[in-house]
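Structure data (compact mmCIF, C-alpha atoms) from query-v1.txt:
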# COMPACT_ATOMS: atom_id res chain seq x y z
CA MET A 1 87.04 99.04 158.38
CA ALA A 2 89.83 97.23 160.24
CA ILE A 3 87.44 96.50 163.10
CA VAL A 4 84.89 94.87 160.80
CA VAL A 5 87.57 92.76 159.13
CA GLY A 6 88.93 91.79 162.55
CA TRP A 7 85.52 90.64 163.76
CA LEU A 8 85.01 88.70 160.52
CA LEU A 9 88.38 86.97 160.96
CA LEU A 10 87.49 86.08 164.54
CA ALA A 11 84.10 84.72 163.42
CA ALA A 12 85.69 82.72 160.58
CA GLY A 13 88.25 81.21 162.93
CA ALA A 14 85.60 80.41 165.52
CA LEU A 15 83.37 78.80 162.90
CA ALA A 16 86.24 76.69 161.56
CA GLY A 17 87.24 75.69 165.11
CA TRP A 18 83.65 74.82 165.98
CA ALA A 19 83.29 72.70 162.87
CA ALA A 20 86.58 70.91 163.46
CA ARG A 21 85.70 70.14 167.06
CA PHE A 22 82.04 69.23 166.87
CA VAL A 23 81.93 67.72 163.38
CA LEU A 24 85.32 65.96 163.09
CA ILE A 25 86.83 65.38 166.52
CA GLU A 26 84.17 64.70 169.13
CA PRO A 27 81.31 62.75 167.50
CA GLU A 28 81.29 59.12 168.61
CA HIS A 29 80.33 57.82 165.19
CA TRP A 30 83.77 58.91 163.90
CA GLN A 31 85.42 56.82 166.59
CA ASP A 32 83.40 53.79 165.58
CA LEU A 33 83.97 54.41 161.87
CA CYS A 34 87.72 54.93 162.22
CA SER A 35 88.33 51.91 164.46
CA VAL A 36 87.49 49.33 161.80
CA ALA A 37 90.21 47.31 160.09
CA VAL A 38 90.20 49.41 156.90
CA PRO A 39 89.06 52.93 157.81
CA PRO A 40 87.89 55.35 155.11
CA LEU A 41 90.16 58.15 153.88
CA THR A 42 88.25 60.74 155.88
CA CYS A 43 89.70 59.22 159.05
CA ALA A 44 93.14 60.44 157.94
CA LEU A 45 91.77 64.00 157.85
CA ARG A 46 90.27 63.54 161.31
CA ASP A 47 93.56 62.15 162.64
CA ALA A 48 95.46 65.11 161.17
CA VAL A 49 93.12 67.59 162.89
CA VAL A 50 93.52 65.75 166.19
CA VAL A 51 97.32 65.77 165.87
CA ILE A 52 97.33 69.50 165.08
CA THR A 53 95.18 70.37 168.09
CA PHE A 54 96.82 68.17 170.76
CA PRO A 55 98.76 69.47 172.59
CA PRO A 56 97.28 72.93 172.10
CA ARG A 57 99.38 74.81 169.56
CA PHE A 58 97.68 78.17 169.27
CA SER A 59 99.79 80.14 171.75
CA PHE A 60 101.49 81.87 168.80
CA ALA A 61 98.32 83.97 168.65
CA ALA A 62 99.51 85.75 171.79
CA ALA A 63 102.84 86.53 170.13
CA ALA A 64 101.01 87.89 167.07
CA ALA A 65 98.83 90.08 169.29
CA LEU A 66 101.91 91.38 171.07
CA LEU A 67 103.55 92.16 167.73
CA ALA A 68 100.41 94.02 166.73
CA TRP A 69 101.01 96.39 169.66
CA VAL A 70 104.70 96.85 168.78
CA LEU A 71 104.43 97.29 165.01
CA ARG A 72 102.70 100.05 163.08
CA GLY A 73 100.31 100.36 160.16
CA ARG A 74 99.64 97.40 157.91
CA ALA A 75 102.07 95.15 159.76
CA ALA A 76 100.17 95.76 162.99
CA ALA A 77 96.86 95.08 161.24
CA ALA A 78 98.21 91.84 159.74
CA CYS A 79 99.48 90.63 163.13
CA ALA A 80 96.16 91.49 164.75
CA GLY A 81 94.36 89.58 161.98
CA VAL A 82 96.54 86.52 162.50
CA ALA A 83 95.91 86.71 166.25
CA LEU A 84 92.15 86.91 165.72
CA LEU A 85 91.97 84.09 163.18
CA ALA A 86 94.15 81.78 165.27
CA GLY A 87 92.31 82.94 168.38
CA GLY A 88 88.97 81.97 166.91
CA LEU A 89 90.34 78.52 166.12
CA GLY A 90 91.95 78.10 169.50
CA LEU A 91 88.85 79.08 171.46
CA PHE A 92 87.13 75.95 170.20
CA LEU A 93 90.16 73.68 169.83
CA TYR A 94 91.07 73.20 173.47
CA ASP A 95 93.49 76.13 173.87
CA THR A 96 91.70 78.93 175.66
CA GLY A 97 94.53 79.99 177.97
CA TRP A 98 96.73 82.23 175.83
CA VAL A 99 94.21 82.53 173.05
CA ALA A 100 91.64 84.45 175.07
CA SER A 101 94.17 87.10 176.01
CA ALA A 102 95.40 87.24 172.40
CA VAL A 103 91.89 87.86 171.11
CA LEU A 104 91.32 90.59 173.67
CA ALA A 105 94.65 92.29 172.92
CA ALA A 106 94.07 92.14 169.15
CA LEU A 107 90.54 93.52 169.48
CA LEU A 108 91.85 96.37 171.63
CA ARG A 109 94.60 97.13 169.10
CA LEU A 110 92.49 97.24 165.94
CA PRO A 111 90.72 100.57 166.57
CA ARG A 112 94.05 102.24 167.31
CA ILE A 113 95.81 101.24 164.10
CA GLY A 114 96.61 104.39 162.19
CA GLU A 115 96.62 106.58 165.31
CA GLU A 116 100.26 105.92 166.14
CA PRO A 117 102.53 108.91 166.42
CA PRO A 118 105.03 109.23 163.58
CA ASP A 119 108.25 107.30 163.93
CA PRO A 120 110.97 109.74 165.02
CA ARG A 121 113.50 107.91 162.86
CA GLU A 122 111.59 109.02 159.78
CA PHE A 123 112.43 112.69 160.42
CA THR A 124 116.05 113.19 159.52
CA ALA A 125 117.42 116.65 159.13

File written out as structure tokens:
Amino acid sequence: MAIVVGWLLLAAGALAGWAARFVLIEPEHWQDLCSVAVPPLTCALRDAVVVITFPPRFSFAAAAALLAWVLRGRAAAACAGVALLAGGLGLFLYDTGWVASAVLAALLRLPRIGEEPPDPREFTA
């Protein structure tokens, strides 16, 4: 089940990143529309997306994927989910460097969640 949810999070992030890039950021008609004297309110949304994506700010996905390998159980699954969602966004929003490795690490971690050995600190005599 965690694998299916992980793939869905990656797909949702990729779809949102694709839409932000190819619907809001790159089309030339937005540039023409937003360069007039009184631009419409949608240009503020476009400017906010551009500010969020430049410089690339999705390297925290790699930290989340690393935490997914260090933590156990639900915490590991949550970190892997964050890494996959942010990774899907970053793959389309100009930040493929750290994001690609984060997606790979999170996808490799998901099937192993729940297979961790018990924490030795939990067994006190």

Tell me, as JSON, numbers by chain, which residues lie within 12 Å of A:Arg109, counting only C-alpha atoms; anything in the same chain fewer than 2 positions away does not count. {"A": [2, 3, 6, 64, 65, 66, 67, 68, 69, 70, 71, 72, 73, 76, 77, 78, 79, 80, 81, 83, 84, 102, 103, 104, 105, 106, 107, 111, 112, 113, 114, 115, 116]}

Return the single residue from A:Phe22, A:Trp30, A:Trp7, A:Phe58 that is closest to A:Gly90, with distances computed using only C-alpha atoms.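 Closest to A:Gly90, using only C-alpha atoms: A:Phe58.
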
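Of note, atom CA of A:Arg57 and atom CA of A:Glu28 are spaced 24.0 Å apart.
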
Close residues, A:Trp18 itself excluded, 10 Å, all atoms listed in the file, min 5 positions apart in chain, as an MDAnalysis selection string: chainID A and resid 12:13 23:25 88:93

Protein and nucleic acid residues near (89.0, 68.1, 172.7) (cut-off 7 Å, all atoms listed in the file) as a tab-separated table (two decimals) with C-alpha atoms, in the coordinates of the input:
chain	number	residue	atom	x	y	z
A	21	ARG	CA	85.70	70.14	167.06
A	26	GLU	CA	84.17	64.70	169.13
A	93	LEU	CA	90.16	73.68	169.83
A	94	TYR	CA	91.07	73.20	173.47

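Close to (82.1, 57.6, 158.3), meaning no more than 12 Å away when counting all atoms listed in the file, sit the residues Val23, Leu24, Pro27, Glu28, His29, Trp30, Gln31, Asp32, Leu33, Cys34, Ser35, Val36, Val38, Pro39, Pro40, Leu41, Thr42, Cys43, Ala44, Leu45 and Arg46 of chain A.
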
Output, as lines of an AutoDock Vina configuration file, the centre and edge lengths in Å (one decimal) of the axis-aligned box that contains all listed atoms of stretch 65-73 of chain A with 5 Å of margin on each side.
center_x = 101.8
center_y = 95.2
center_z = 165.6
size_x = 15.9
size_y = 20.3
size_z = 20.9

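Here atom CA of A:Ser101 stands at a distance of 6.9 Å from atom CA of A:Ala62.
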
Measuring between only C-alpha atoms, which one of A:Ala63, A:Leu15, A:Gly97, A:Ala20 shows the shortest distance to A:Ala48?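 Ranking A:Ala63, A:Leu15, A:Gly97, A:Ala20 by distance to A:Ala48, first place goes to A:Ala20.
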
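Restricting the calculation to all atoms listed in the file, the smallest distance between A:Leu10 and any of A:Arg121, A:Asp47, A:Gly87, A:Asp95 is found for A:Gly87.
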
Any idea what the distance is between atom CA of A:Ala61 and atom CA of A:Leu85? 8.4 Å

Can you work out which one of A:Pro120, A:Leu8, A:Val49, A:Thr96 has the shortest atom-to-atom distance to A:Val82, counting all atoms listed in the file? A:Leu8
